[in-house]
Amino acid sequence: MAPCHDHRDMVNGFIAELRWRGLLQDSMPGVEEHLNSGMRNGYIGFDPTADSLHVGNLVQIMMLVHFQRSGHRPIALVGGATGMVGDPSGKKAERNLLDEDALRHNQACIKAQLERFLDFNDPKNPAELVNNYDWFKDMSFLRFIREVGKHITVNYMMAKDSVKNRLESGLSFTEFSYQLVQGYDFVWLNRNKGCSLQMGGSDQWGNITTGTELIRRMHDGEAYAVTTPLLTKADGTKFGKSEGGNIWLDAERTSPYKFYQFWLNTSDDDAARFIHIFTTLSKDEVDAVIAEHKAAPHQRSLQKKLAADITERTHGKAELEAALQATGILFGQGTAEVLGALSEKQWLDVFDGVPQADVPHSSLAAGIPIADLLSDTTAFLSSRGEAKRALKEGSIAVNKAKVGDDRVVKTDDLLSGKFILLQRGKKNYFLVKAV
RNA sequence: GGGGAGAUACCCAAGCGGCCAACGGGGGCAGACUGUAAAUCUGCUGGCUCACGCCUUCGUAGGUUCGAAUCCUGCUCUCCCCA
(Lines give C-alpha, C1' and ligand atoms only; values in the text may rest on other atoms or scores of the structure.)
Protein backbone atom coordinates (compact mmCIF):
# COMPACT_ATOMS: atom_id res chain seq x y z
CA MET A 1 0.00 0.00 0.00
CA ALA A 2 1.28 3.42 -0.89
CA PRO A 3 2.38 5.60 2.03
CA CYS A 4 -0.16 8.11 3.04
CA HIS A 5 1.21 11.43 4.27
CA ASP A 6 -2.07 13.08 4.91
CA HIS A 7 -5.37 11.47 5.67
CA ARG A 8 -6.84 13.88 3.16
CA ASP A 9 -4.98 12.18 0.36
CA MET A 10 -7.71 9.65 0.51
CA VAL A 11 -11.41 9.83 0.73
CA ASN A 12 -12.60 7.73 3.62
CA GLY A 13 -16.11 6.69 4.40
CA PHE A 14 -17.94 9.82 5.33
CA ILE A 15 -21.28 8.04 5.61
CA ALA A 16 -19.79 5.33 7.79
CA GLU A 17 -18.34 8.09 9.92
CA LEU A 18 -21.75 9.71 10.32
CA ARG A 19 -23.25 6.38 11.16
CA TRP A 20 -21.09 5.61 14.16
CA ARG A 21 -21.31 9.20 15.35
CA GLY A 22 -25.09 8.98 15.36
CA LEU A 23 -25.35 11.79 12.82
CA LEU A 24 -27.16 9.96 10.09
CA GLN A 25 -30.92 10.32 9.90
CA ASP A 26 -31.82 9.87 6.23
CA SER A 27 -29.83 9.51 3.07
CA MET A 28 -30.59 8.89 -0.56
CA PRO A 29 -29.69 5.54 -2.06
CA GLY A 30 -26.29 5.54 -3.67
CA VAL A 31 -24.72 8.35 -1.64
CA GLU A 32 -22.22 6.12 0.05
CA GLU A 33 -20.84 4.76 -3.21
CA HIS A 34 -20.87 8.21 -4.71
CA LEU A 35 -18.85 9.69 -1.85
CA ASN A 36 -16.45 6.81 -1.52
CA SER A 37 -15.54 6.87 -5.17
CA GLY A 38 -13.87 10.25 -5.18
CA MET A 39 -13.60 13.73 -3.78
CA ARG A 40 -17.01 15.38 -3.79
CA ASN A 41 -18.37 18.80 -3.05
CA GLY A 42 -21.16 19.06 -0.53
CA TYR A 43 -22.95 21.96 1.05
CA ILE A 44 -25.02 23.06 3.99
CA GLY A 45 -26.99 26.26 4.21
CA PHE A 46 -27.02 28.61 7.20
CA ASP A 47 -29.77 31.10 7.87
CA PRO A 48 -28.49 34.59 8.57
CA THR A 49 -31.26 35.34 11.06
CA ALA A 50 -28.80 36.65 13.66
CA ASP A 51 -25.29 38.00 13.56
CA SER A 52 -23.98 34.96 15.35
CA LEU A 53 -24.47 31.25 15.05
CA HIS A 54 -25.39 29.33 18.17
CA VAL A 55 -24.74 25.85 19.48
CA GLY A 56 -27.82 24.61 17.65
CA ASN A 57 -25.98 25.30 14.39
CA LEU A 58 -22.97 23.40 15.65
CA VAL A 59 -24.33 20.06 14.45
CA GLN A 60 -24.33 21.29 10.89
CA ILE A 61 -20.96 22.94 11.27
CA MET A 62 -19.52 19.68 12.54
CA MET A 63 -21.06 17.87 9.58
CA LEU A 64 -18.99 20.06 7.33
CA VAL A 65 -15.93 19.53 9.51
CA HIS A 66 -16.31 15.76 9.33
CA PHE A 67 -16.97 16.06 5.61
CA GLN A 68 -13.73 17.93 5.06
CA ARG A 69 -11.81 15.53 7.25
CA SER A 70 -13.09 12.68 5.13
CA GLY A 71 -11.36 14.27 2.18
CA HIS A 72 -14.26 16.09 0.56
CA ARG A 73 -14.79 19.75 -0.14
CA PRO A 74 -17.30 21.46 2.15
CA ILE A 75 -19.25 24.45 0.95
CA ALA A 76 -20.96 26.62 3.52
CA LEU A 77 -23.80 28.58 2.05
CA VAL A 78 -24.96 31.70 3.80
CA GLY A 79 -28.54 32.28 2.87
CA GLY A 80 -28.61 35.94 1.99
CA ALA A 81 -31.43 35.33 -0.46
CA THR A 82 -33.25 32.52 1.31
CA GLY A 83 -33.00 34.54 4.51
CA MET A 84 -35.12 37.15 2.80
CA VAL A 85 -37.86 34.64 2.10
CA GLY A 86 -38.16 32.63 5.30
CA ASP A 87 -38.22 28.87 5.63
CA PRO A 88 -41.61 27.54 6.79
CA SER A 89 -40.05 24.25 7.96
CA GLY A 90 -40.90 23.68 11.59
CA LYS A 91 -42.40 27.14 11.95
CA LYS A 92 -45.97 27.52 13.11
CA ALA A 93 -46.38 31.05 11.87
CA GLU A 94 -45.32 33.32 9.09
CA ARG A 95 -41.86 34.70 9.63
CA ASN A 96 -40.84 38.30 9.84
CA LEU A 97 -38.50 39.33 7.10
CA LEU A 98 -35.19 40.97 7.80
CA ASP A 99 -34.08 43.95 5.81
CA GLU A 100 -31.10 43.78 3.53
CA ASP A 101 -28.71 45.74 5.75
CA ALA A 102 -29.30 43.43 8.67
CA LEU A 103 -28.81 40.40 6.47
CA ARG A 104 -25.54 41.71 5.08
CA HIS A 105 -24.22 42.38 8.55
CA ASN A 106 -25.28 38.93 9.73
CA GLN A 107 -23.68 37.19 6.76
CA ALA A 108 -20.34 38.84 7.40
CA CYS A 109 -20.37 37.82 11.06
CA ILE A 110 -21.37 34.24 10.30
CA LYS A 111 -18.64 33.92 7.74
CA ALA A 112 -16.04 34.93 10.31
CA GLN A 113 -17.34 32.27 12.67
CA LEU A 114 -17.32 29.49 10.11
CA GLU A 115 -13.74 30.28 9.26
CA ARG A 116 -12.72 29.07 12.69
CA PHE A 117 -14.05 25.59 12.07
CA LEU A 118 -13.24 24.89 8.46
CA ASP A 119 -9.96 25.03 6.61
CA PHE A 120 -10.33 27.44 3.73
CA ASN A 121 -6.69 27.15 2.67
CA ASP A 122 -6.17 23.45 2.36
CA PRO A 123 -4.32 22.76 -0.88
CA LYS A 124 -6.39 19.71 -1.74
CA ASN A 125 -9.88 20.23 -0.48
CA PRO A 126 -10.34 23.74 0.82
CA ALA A 127 -13.66 24.80 2.26
CA GLU A 128 -15.57 27.47 0.42
CA LEU A 129 -18.14 29.99 1.46
CA VAL A 130 -20.87 31.16 -0.88
CA ASN A 131 -23.81 33.45 -0.57
CA ASN A 132 -26.91 32.69 -2.56
CA TYR A 133 -27.70 36.37 -2.78
CA ASP A 134 -24.98 36.49 -5.41
CA TRP A 135 -26.93 34.38 -7.88
CA PHE A 136 -30.35 35.56 -6.86
CA LYS A 137 -29.82 39.31 -6.92
CA ASP A 138 -30.11 39.48 -10.69
CA MET A 139 -32.70 36.76 -11.04
CA SER A 140 -36.00 38.22 -12.17
CA PHE A 141 -39.29 36.84 -11.03
CA LEU A 142 -40.36 36.00 -14.54
CA ARG A 143 -37.15 34.23 -15.32
CA PHE A 144 -37.41 32.28 -12.10
CA ILE A 145 -40.92 31.00 -12.66
CA ARG A 146 -40.12 30.15 -16.30
CA GLU A 147 -36.81 28.42 -15.72
CA VAL A 148 -37.27 26.91 -12.30
CA GLY A 149 -40.93 26.89 -11.40
CA LYS A 150 -41.81 25.19 -14.65
CA HIS A 151 -40.12 21.99 -13.56
CA ILE A 152 -41.97 21.42 -10.32
CA THR A 153 -45.69 20.95 -9.84
CA VAL A 154 -47.64 22.63 -7.11
CA ASN A 155 -48.90 19.17 -6.20
CA TYR A 156 -45.34 18.11 -5.50
CA MET A 157 -44.68 21.18 -3.39
CA MET A 158 -47.86 20.80 -1.41
CA ALA A 159 -46.96 17.27 -0.45
CA LYS A 160 -44.02 18.48 1.65
CA ASP A 161 -44.58 18.37 5.39
CA SER A 162 -43.35 21.91 5.80
CA VAL A 163 -46.22 23.07 3.60
CA LYS A 164 -48.84 20.55 4.72
CA ASN A 165 -48.37 21.48 8.36
CA ARG A 166 -49.11 25.07 7.57
CA LEU A 167 -52.15 24.59 5.38
CA GLU A 168 -54.50 25.01 8.34
CA SER A 169 -52.93 28.12 9.79
CA GLY A 170 -51.97 29.52 6.43
CA LEU A 171 -48.71 30.48 4.82
CA SER A 172 -47.88 33.17 2.35
CA PHE A 173 -46.92 32.54 -1.26
CA THR A 174 -43.47 33.78 -0.27
CA GLU A 175 -42.89 31.01 2.25
CA PHE A 176 -44.55 28.50 -0.02
CA SER A 177 -41.95 29.35 -2.64
CA TYR A 178 -39.10 28.82 -0.24
CA GLN A 179 -38.39 25.23 -1.25
CA LEU A 180 -37.98 26.29 -4.86
CA VAL A 181 -35.59 29.04 -3.93
CA GLN A 182 -33.51 26.72 -1.81
CA GLY A 183 -33.84 24.03 -4.45
CA TYR A 184 -32.39 26.39 -7.02
CA ASP A 185 -29.39 26.97 -4.76
CA PHE A 186 -28.58 23.32 -5.12
CA VAL A 187 -29.11 23.52 -8.87
CA TRP A 188 -26.76 26.47 -9.13
CA LEU A 189 -24.09 24.88 -6.95
CA ASN A 190 -24.42 21.64 -8.85
CA ARG A 191 -23.88 23.39 -12.13
CA ASN A 192 -21.26 25.92 -11.14
CA LYS A 193 -19.42 24.30 -8.27
CA GLY A 194 -19.83 20.65 -9.08
CA CYS A 195 -21.70 20.21 -5.83
CA SER A 196 -23.46 16.87 -5.63
CA LEU A 197 -24.53 16.63 -2.01
CA GLN A 198 -26.67 18.72 0.27
CA MET A 199 -26.65 18.08 3.98
CA GLY A 200 -28.83 19.49 6.71
CA GLY A 201 -31.08 18.79 9.67
CA SER A 202 -33.86 16.27 9.15
CA ASP A 203 -36.33 19.16 8.95
CA GLN A 204 -34.59 20.12 5.71
CA TRP A 205 -35.26 16.83 3.95
CA GLY A 206 -38.21 18.21 2.04
CA ASN A 207 -36.34 21.26 0.85
CA ILE A 208 -33.31 19.24 -0.11
CA THR A 209 -35.22 16.71 -2.16
CA THR A 210 -36.90 19.52 -4.07
CA GLY A 211 -33.34 20.49 -4.97
CA THR A 212 -32.30 17.03 -6.12
CA GLU A 213 -35.51 16.75 -8.09
CA LEU A 214 -34.84 20.07 -9.83
CA ILE A 215 -31.30 19.05 -10.66
CA ARG A 216 -32.54 15.85 -12.21
CA ARG A 217 -35.21 17.59 -14.27
CA MET A 218 -33.31 20.73 -15.26
CA HIS A 219 -30.06 19.22 -16.37
CA ASP A 220 -30.16 15.55 -15.57
CA GLY A 221 -27.47 15.98 -12.93
CA GLU A 222 -26.42 13.73 -10.10
CA ALA A 223 -27.34 14.90 -6.63
CA TYR A 224 -27.75 13.39 -3.20
CA ALA A 225 -29.12 14.26 0.20
CA VAL A 226 -28.06 13.40 3.73
CA THR A 227 -29.72 14.64 6.90
CA THR A 228 -28.86 14.59 10.58
CA PRO A 229 -31.31 13.76 13.33
CA LEU A 230 -32.75 16.67 15.22
CA LEU A 231 -30.71 17.05 18.35
CA THR A 232 -32.64 16.50 21.56
CA LYS A 233 -31.73 16.31 25.19
CA ALA A 234 -32.42 13.28 27.35
CA ASP A 235 -34.86 15.22 29.51
CA GLY A 236 -36.81 16.35 26.47
CA THR A 237 -35.98 20.03 26.75
CA LYS A 238 -34.64 21.98 23.84
CA PHE A 239 -30.95 21.70 23.15
CA GLY A 240 -28.91 24.87 23.11
CA LYS A 241 -30.84 27.00 25.55
CA SER A 242 -29.82 27.92 29.04
CA GLU A 243 -31.12 30.29 31.70
CA GLY A 244 -29.96 33.26 29.71
CA GLY A 245 -31.41 32.03 26.43
CA ASN A 246 -29.39 30.85 23.47
CA ILE A 247 -25.78 29.77 23.77
CA TRP A 248 -24.02 31.70 21.04
CA LEU A 249 -20.70 31.11 19.36
CA ASP A 250 -19.94 34.81 19.60
CA ALA A 251 -17.83 35.55 22.69
CA GLU A 252 -19.56 38.90 23.08
CA ARG A 253 -22.96 37.27 23.37
CA THR A 254 -21.95 34.22 25.38
CA SER A 255 -18.66 34.47 27.20
CA PRO A 256 -16.23 31.59 26.70
CA TYR A 257 -16.60 30.85 30.42
CA LYS A 258 -20.37 30.47 30.09
CA PHE A 259 -19.89 28.54 26.89
CA TYR A 260 -17.56 26.10 28.65
CA GLN A 261 -19.97 25.82 31.56
CA PHE A 262 -22.84 25.06 29.22
CA TRP A 263 -21.08 21.95 27.95
CA LEU A 264 -19.70 21.01 31.33
CA ASN A 265 -23.23 20.89 32.69
CA THR A 266 -24.57 18.38 30.20
CA SER A 267 -26.06 15.25 31.69
CA ASP A 268 -24.26 11.93 31.42
CA ASP A 269 -26.56 10.58 28.75
CA ASP A 270 -26.31 13.66 26.61
CA ALA A 271 -22.57 14.02 27.03
CA ALA A 272 -22.00 10.52 25.66
CA ARG A 273 -23.97 11.35 22.55
CA PHE A 274 -22.58 14.84 22.18
CA ILE A 275 -18.96 13.77 22.30
CA HIS A 276 -19.63 11.67 19.20
CA ILE A 277 -21.13 14.61 17.39
CA PHE A 278 -19.19 17.65 18.46
CA THR A 279 -15.63 16.40 18.58
CA THR A 280 -13.33 14.92 16.00
CA LEU A 281 -12.07 12.24 18.37
CA SER A 282 -11.74 8.81 16.78
CA LYS A 283 -14.08 6.00 17.71
CA ASP A 284 -11.44 4.44 19.96
CA GLU A 285 -10.83 7.72 21.73
CA VAL A 286 -14.53 8.32 22.21
CA ASP A 287 -15.01 4.82 23.60
CA ALA A 288 -12.07 5.31 25.94
CA VAL A 289 -13.41 8.60 27.34
CA ILE A 290 -16.84 7.10 27.88
CA ALA A 291 -15.35 4.05 29.58
CA GLU A 292 -13.24 6.26 31.82
CA HIS A 293 -16.30 8.24 32.76
CA LYS A 294 -18.31 5.11 33.55
CA ALA A 295 -15.57 3.92 35.86
CA ALA A 296 -15.56 7.16 37.84
CA PRO A 297 -18.63 9.20 37.00
CA HIS A 298 -18.05 11.74 39.75
CA GLN A 299 -14.88 12.87 38.01
CA ARG A 300 -17.02 13.97 35.08
CA SER A 301 -14.14 13.41 32.74
CA LEU A 302 -16.57 13.01 29.87
CA GLN A 303 -18.13 16.43 30.33
CA LYS A 304 -14.71 17.99 30.84
CA LYS A 305 -13.36 16.49 27.66
CA LEU A 306 -16.43 17.52 25.72
CA ALA A 307 -16.45 21.08 27.05
CA ALA A 308 -12.74 21.58 26.54
CA ASP A 309 -12.77 20.24 23.01
CA ILE A 310 -15.64 22.40 21.80
CA THR A 311 -14.58 25.51 23.67
CA GLU A 312 -11.10 25.34 22.20
CA ARG A 313 -12.45 24.74 18.72
CA THR A 314 -14.84 27.65 19.05
CA HIS A 315 -12.88 30.23 21.01
CA GLY A 316 -9.26 29.12 20.86
CA LYS A 317 -6.76 27.81 23.36
CA ALA A 318 -6.27 31.02 25.33
CA GLU A 319 -9.97 31.44 25.97
CA LEU A 320 -10.28 27.82 27.00
CA GLU A 321 -7.45 28.27 29.49
CA ALA A 322 -9.16 31.30 30.94
CA ALA A 323 -12.45 29.43 31.21
CA LEU A 324 -10.70 26.54 32.94
CA GLN A 325 -9.00 28.88 35.36
CA ALA A 326 -12.25 30.64 36.17
CA THR A 327 -13.98 27.29 36.64
CA GLY A 328 -11.24 26.10 38.95
CA ILE A 329 -11.52 29.17 41.10
CA LEU A 330 -15.29 29.36 41.21
CA PHE A 331 -16.04 25.69 41.65
CA GLY A 332 -12.83 24.34 43.10
CA GLN A 333 -11.98 24.32 46.78
CA GLY A 334 -11.83 28.07 46.26
CA THR A 335 -12.07 29.87 49.56
CA ALA A 336 -11.61 33.51 50.41
CA GLU A 337 -7.86 32.83 50.71
CA VAL A 338 -7.58 31.55 47.17
CA LEU A 339 -9.51 34.52 45.92
CA GLY A 340 -7.44 36.93 47.98
CA ALA A 341 -4.27 35.66 46.35
CA LEU A 342 -5.35 36.76 42.89
CA SER A 343 -3.90 39.83 41.28
CA GLU A 344 -6.20 42.52 39.99
CA LYS A 345 -5.60 41.35 36.45
CA GLN A 346 -6.44 37.79 37.35
CA TRP A 347 -9.66 38.95 38.97
CA LEU A 348 -10.74 40.72 35.86
CA ASP A 349 -9.74 37.84 33.61
CA VAL A 350 -11.47 35.21 35.69
CA PHE A 351 -14.65 37.22 36.02
CA ASP A 352 -14.69 38.42 32.47
CA GLY A 353 -17.99 36.76 31.69
CA VAL A 354 -19.59 37.50 35.04
CA PRO A 355 -21.84 40.51 35.65
CA GLN A 356 -20.21 43.26 37.64
CA ALA A 357 -20.90 46.59 39.29
CA ASP A 358 -18.84 49.41 40.75
CA VAL A 359 -19.48 50.48 44.32
CA PRO A 360 -17.92 53.58 45.86
CA HIS A 361 -15.36 53.01 48.60
CA SER A 362 -17.15 55.48 50.79
CA SER A 363 -20.37 53.47 50.98
CA LEU A 364 -18.42 50.33 51.80
CA ALA A 365 -16.63 52.20 54.55
CA ALA A 366 -20.02 53.08 55.97
CA GLY A 367 -21.17 49.46 55.61
CA ILE A 368 -23.93 48.23 53.30
CA PRO A 369 -26.57 45.79 54.57
CA ILE A 370 -26.45 42.70 52.39
CA ALA A 371 -30.02 43.08 51.12
CA ASP A 372 -29.29 46.60 49.92
CA LEU A 373 -26.08 45.53 48.26
CA LEU A 374 -27.80 42.70 46.36
CA SER A 375 -30.66 44.78 45.03
CA ASP A 376 -30.43 48.55 45.19
CA THR A 377 -26.67 48.96 45.02
CA THR A 378 -25.75 46.39 42.39
CA ALA A 379 -29.01 45.17 40.81
CA PHE A 380 -27.60 41.63 41.04
CA LEU A 381 -31.10 40.61 42.12
CA SER A 382 -34.06 42.40 40.64
CA SER A 383 -35.80 43.59 43.79
CA ARG A 384 -35.39 43.86 47.54
CA GLY A 385 -38.08 41.25 47.90
CA GLU A 386 -36.08 38.79 45.84
CA ALA A 387 -32.94 39.61 47.81
CA LYS A 388 -34.70 38.92 51.08
CA ARG A 389 -36.19 35.74 49.76
CA ALA A 390 -32.79 34.57 48.63
CA LEU A 391 -31.33 35.38 52.00
CA LYS A 392 -34.09 33.43 53.71
CA GLU A 393 -33.32 30.49 51.43
CA GLY A 394 -29.72 30.62 52.54
CA SER A 395 -28.52 30.85 48.99
CA ILE A 396 -26.41 33.98 49.22
CA ALA A 397 -22.67 33.88 49.79
CA VAL A 398 -20.16 36.69 50.13
CA ASN A 399 -16.63 35.70 49.17
CA LYS A 400 -17.72 32.06 49.10
CA ALA A 401 -19.10 32.13 52.65
CA LYS A 402 -22.84 31.79 53.22
CA VAL A 403 -24.41 34.78 54.91
CA GLY A 404 -27.67 35.64 56.67
CA ASP A 405 -29.86 38.68 56.21
CA ASP A 406 -28.19 40.57 59.04
CA ARG A 407 -24.85 40.64 57.28
CA VAL A 408 -23.35 44.08 56.62
CA VAL A 409 -20.71 44.30 53.92
CA LYS A 410 -17.80 46.57 54.72
CA THR A 411 -14.36 47.54 53.52
CA ASP A 412 -12.97 44.57 55.47
CA ASP A 413 -14.63 42.24 52.99
CA LEU A 414 -12.63 43.53 50.05
CA LEU A 415 -10.31 40.92 48.61
CA SER A 416 -7.11 41.94 46.89
CA GLY A 417 -8.02 45.40 48.12
CA LYS A 418 -10.74 45.87 45.59
CA PHE A 419 -13.19 43.04 45.01
CA ILE A 420 -16.12 41.33 46.63
CA LEU A 421 -17.59 38.17 45.19
CA LEU A 422 -21.34 37.77 45.55
CA GLN A 423 -23.00 34.46 44.86
CA ARG A 424 -26.55 33.23 44.54
CA GLY A 425 -26.64 29.50 44.73
CA LYS A 426 -23.80 27.56 43.18
CA LYS A 427 -23.71 28.94 39.71
CA ASN A 428 -24.66 32.60 39.76
CA TYR A 429 -21.84 34.98 40.44
CA PHE A 430 -21.57 38.72 40.66
CA LEU A 431 -18.46 40.81 41.08
CA VAL A 432 -18.43 44.02 43.11
CA LYS A 433 -15.57 46.38 42.38
CA ALA A 434 -14.75 49.14 44.84
CA VAL A 435 -13.93 52.45 43.19
C1' G B 1 -71.89 39.62 5.20
C1' G B 2 -74.46 36.45 9.31
C1' G B 3 -73.91 33.63 13.93
C1' G B 4 -70.99 31.97 18.14
C1' A B 5 -66.69 31.76 21.64
C1' G B 6 -62.84 34.16 23.95
C1' A B 7 -58.82 37.83 25.78
C1' U B 8 -56.27 36.23 33.49
C1' A B 9 -49.30 36.78 35.99
C1' C B 10 -43.16 33.84 31.84
C1' C B 11 -46.58 29.73 29.44
C1' C B 12 -51.04 26.72 29.98
C1' A B 13 -55.23 27.29 32.87
C1' A B 14 -59.10 28.00 36.96
C1' G B 15 -62.01 31.84 39.07
C1' C B 16 -67.70 34.65 37.19
C1' G B 17 -69.68 40.58 43.06
C1' G B 18 -66.48 40.63 48.81
C1' C B 19 -62.89 34.87 52.00
C1' C B 20 -58.34 37.14 45.07
C1' A B 21 -51.93 39.08 44.42
C1' A B 22 -55.79 35.70 42.31
C1' C B 23 -56.72 27.43 42.63
C1' G B 24 -53.80 23.99 39.73
C1' G B 25 -49.97 22.52 36.21
C1' G B 26 -45.56 23.78 33.48
C1' G B 27 -41.29 26.64 33.49
C1' G B 28 -37.74 29.33 36.45
C1' C B 29 -34.84 30.07 41.07
C1' A B 30 -33.09 28.10 45.67
C1' G B 31 -32.29 24.25 49.55
C1' A B 32 -31.41 18.84 50.68
C1' C B 33 -29.13 14.48 48.33
C1' U B 34 -24.96 14.22 44.71
C1' G B 35 -20.65 14.49 40.69
C1' U B 36 -21.46 22.14 38.96
C1' A B 37 -25.17 15.26 36.21
C1' A B 38 -29.95 12.69 36.15
C1' A B 39 -33.90 11.29 39.31
C1' U B 40 -36.27 12.52 43.91
C1' C B 41 -37.96 15.54 48.06
C1' U B 42 -38.81 20.68 50.10
C1' G B 43 -39.40 25.95 49.73
C1' C B 44 -39.98 30.39 46.78
C1' U B 45 -41.88 32.58 42.27
C1' G B 46 -45.85 41.31 41.33
C1' G B 47 -43.63 45.75 44.23
C1' C B 48 -42.74 48.19 49.11
C1' U B 49 -42.37 46.58 54.28
C1' C B 50 -41.92 41.66 55.65
C1' A B 51 -45.36 41.56 61.17
C1' C B 52 -49.79 43.47 60.28
C1' G B 53 -50.41 46.57 56.40
C1' C B 54 -50.02 49.32 51.87
C1' C B 55 -49.49 49.94 46.44
C1' U B 56 -49.97 48.17 41.18
C1' U B 57 -52.05 43.92 38.42
C1' C B 58 -56.80 39.86 35.39
C1' G B 59 -57.05 42.97 26.62
C1' U B 60 -58.43 48.57 26.54
C1' A B 61 -61.50 52.98 27.95
C1' G B 62 -65.47 54.25 30.74
C1' G B 63 -69.81 52.99 34.02
C1' U B 64 -72.90 50.45 37.99
C1' U B 65 -71.81 49.24 43.24
C1' C B 66 -70.03 50.38 50.04
C1' G B 67 -66.99 46.87 47.14
C1' A B 68 -65.43 43.95 40.47
C1' A B 69 -60.79 39.72 37.47
C1' U B 70 -66.03 38.72 38.24
C1' C B 71 -72.07 42.98 36.29
C1' C B 72 -73.08 46.92 32.08
C1' U B 73 -71.31 49.91 27.64
C1' G B 74 -67.84 51.46 23.80
C1' C B 75 -63.17 50.01 21.52
C1' U B 76 -59.10 46.67 19.95
C1' C B 77 -57.55 41.86 18.90
C1' U B 78 -57.99 36.32 18.43
C1' C B 79 -60.56 31.86 17.29
C1' C B 80 -64.73 28.82 15.41
C1' C B 81 -69.16 27.94 12.38
C1' C B 82 -72.44 29.44 8.25
C1' A B 83 -72.62 32.35 3.41
# chains A, B, ... in the order shown; residues from 1 in each chain; ligands from 1
$ select_by_dssp --residues "segment 22-84 of chain A" --states "strand (DSSP E)" --output "ChimeraX atom specification"
/A:26-27,41-46,73-78
$ closest_atom_pairs --of "segment 166-206 of chain A" --to "segment 64-70 of chain A" --cutoff "12 Å" --atoms "only C-alpha atoms" --output "CSV"
residue,atom,partner,partner_atom,distance
A:Leu197,CA,A:Phe67,CA,10.7
A:Gln198,CA,A:Leu64,CA,10.5
A:Met199,CA,A:Leu64,CA,8.6
A:Gly200,CA,A:Leu64,CA,9.9
$ atom_distance --atom1 "atom CA of Asn131 of chain A" --atom2 "atom CA of Glu33 of chain A"
29.0 Å
$ closest_atom_pairs --of "chain B" --to "chain A" --cutoff "7 Å" --atoms "only C-alpha atoms (C1' of nucleotides)" --output "CSV"
residue,atom,partner,partner_atom,distance
B:A30,C1',A:Glu393,CA,6.2
B:G31,C1',A:Glu393,CA,6.6
B:G35,C1',A:His298,CA,3.9
B:U36,C1',A:Asn265,CA,6.6
B:A37,C1',A:Ser267,CA,4.6
B:A38,C1',A:Ser267,CA,6.4
$ residues_around --residues "G3 of chain B" --least-positions-apart "5" --cutoff "12 Å" --atoms "only C-alpha atoms (C1' of nucleotides)" --output "ChimeraX atom specification"
/B:80-83
$ write_last_selection --atoms "N, CA and C atoms (P, O5', C5', C4', C3', O3' and C1' of nucleotides)" --output "PDB file, in the first residue's frame"
ATOM      1  P     C B  80     -59.891  29.158  13.372  1.00  0.00           P
ATOM      2  O5'   C B  80     -61.343  28.644  13.734  1.00  0.00           O
ATOM      3  C5'   C B  80     -61.522  27.473  14.525  1.00  0.00           C
ATOM      4  C4'   C B  80     -62.970  27.345  14.909  1.00  0.00           C
ATOM      5  C3'   C B  80     -63.951  27.338  13.739  1.00  0.00           C
ATOM      6  O3'   C B  80     -64.049  26.059  13.142  1.00  0.00           O
ATOM      7  C1'   C B  80     -64.730  28.819  15.410  1.00  0.00           C
ATOM      8  P     C B  81     -64.339  25.946  11.563  1.00  0.00           P
ATOM      9  O5'   C B  81     -65.919  26.172  11.518  1.00  0.00           O
ATOM     10  C5'   C B  81     -66.809  25.226  12.120  1.00  0.00           C
ATOM     11  C4'   C B  81     -68.200  25.804  12.159  1.00  0.00           C
ATOM     12  C3'   C B  81     -68.772  26.213  10.810  1.00  0.00           C
ATOM     13  O3'   C B  81     -69.296  25.115  10.090  1.00  0.00           O
ATOM     14  C1'   C B  81     -69.160  27.935  12.381  1.00  0.00           C
ATOM     15  P     C B  82     -69.248  25.148   8.475  1.00  0.00           P
ATOM     16  O5'   C B  82     -70.381  26.210   8.130  1.00  0.00           O
ATOM     17  C5'   C B  82     -71.758  25.890   8.299  1.00  0.00           C
ATOM     18  C4'   C B  82     -72.613  27.109   8.043  1.00  0.00           C
ATOM     19  C3'   C B  82     -72.528  27.716   6.641  1.00  0.00           C
ATOM     20  O3'   C B  82     -73.305  27.012   5.684  1.00  0.00           O
ATOM     21  C1'   C B  82     -72.436  29.443   8.252  1.00  0.00           C
ATOM     22  P     A B  83     -72.880  27.130   4.142  1.00  0.00           P
ATOM     23  O5'   A B  83     -73.082  28.665   3.825  1.00  0.00           O
ATOM     24  C5'   A B  83     -74.321  29.174   3.324  1.00  0.00           C
ATOM     25  C4'   A B  83     -74.147  30.627   2.938  1.00  0.00           C
ATOM     26  C3'   A B  83     -73.314  30.898   1.690  1.00  0.00           C
ATOM     27  O3'   A B  83     -74.090  30.754   0.497  1.00  0.00           O
ATOM     28  C1'   A B  83     -72.622  32.348   3.412  1.00  0.00           C
TER      29        A B  83
END
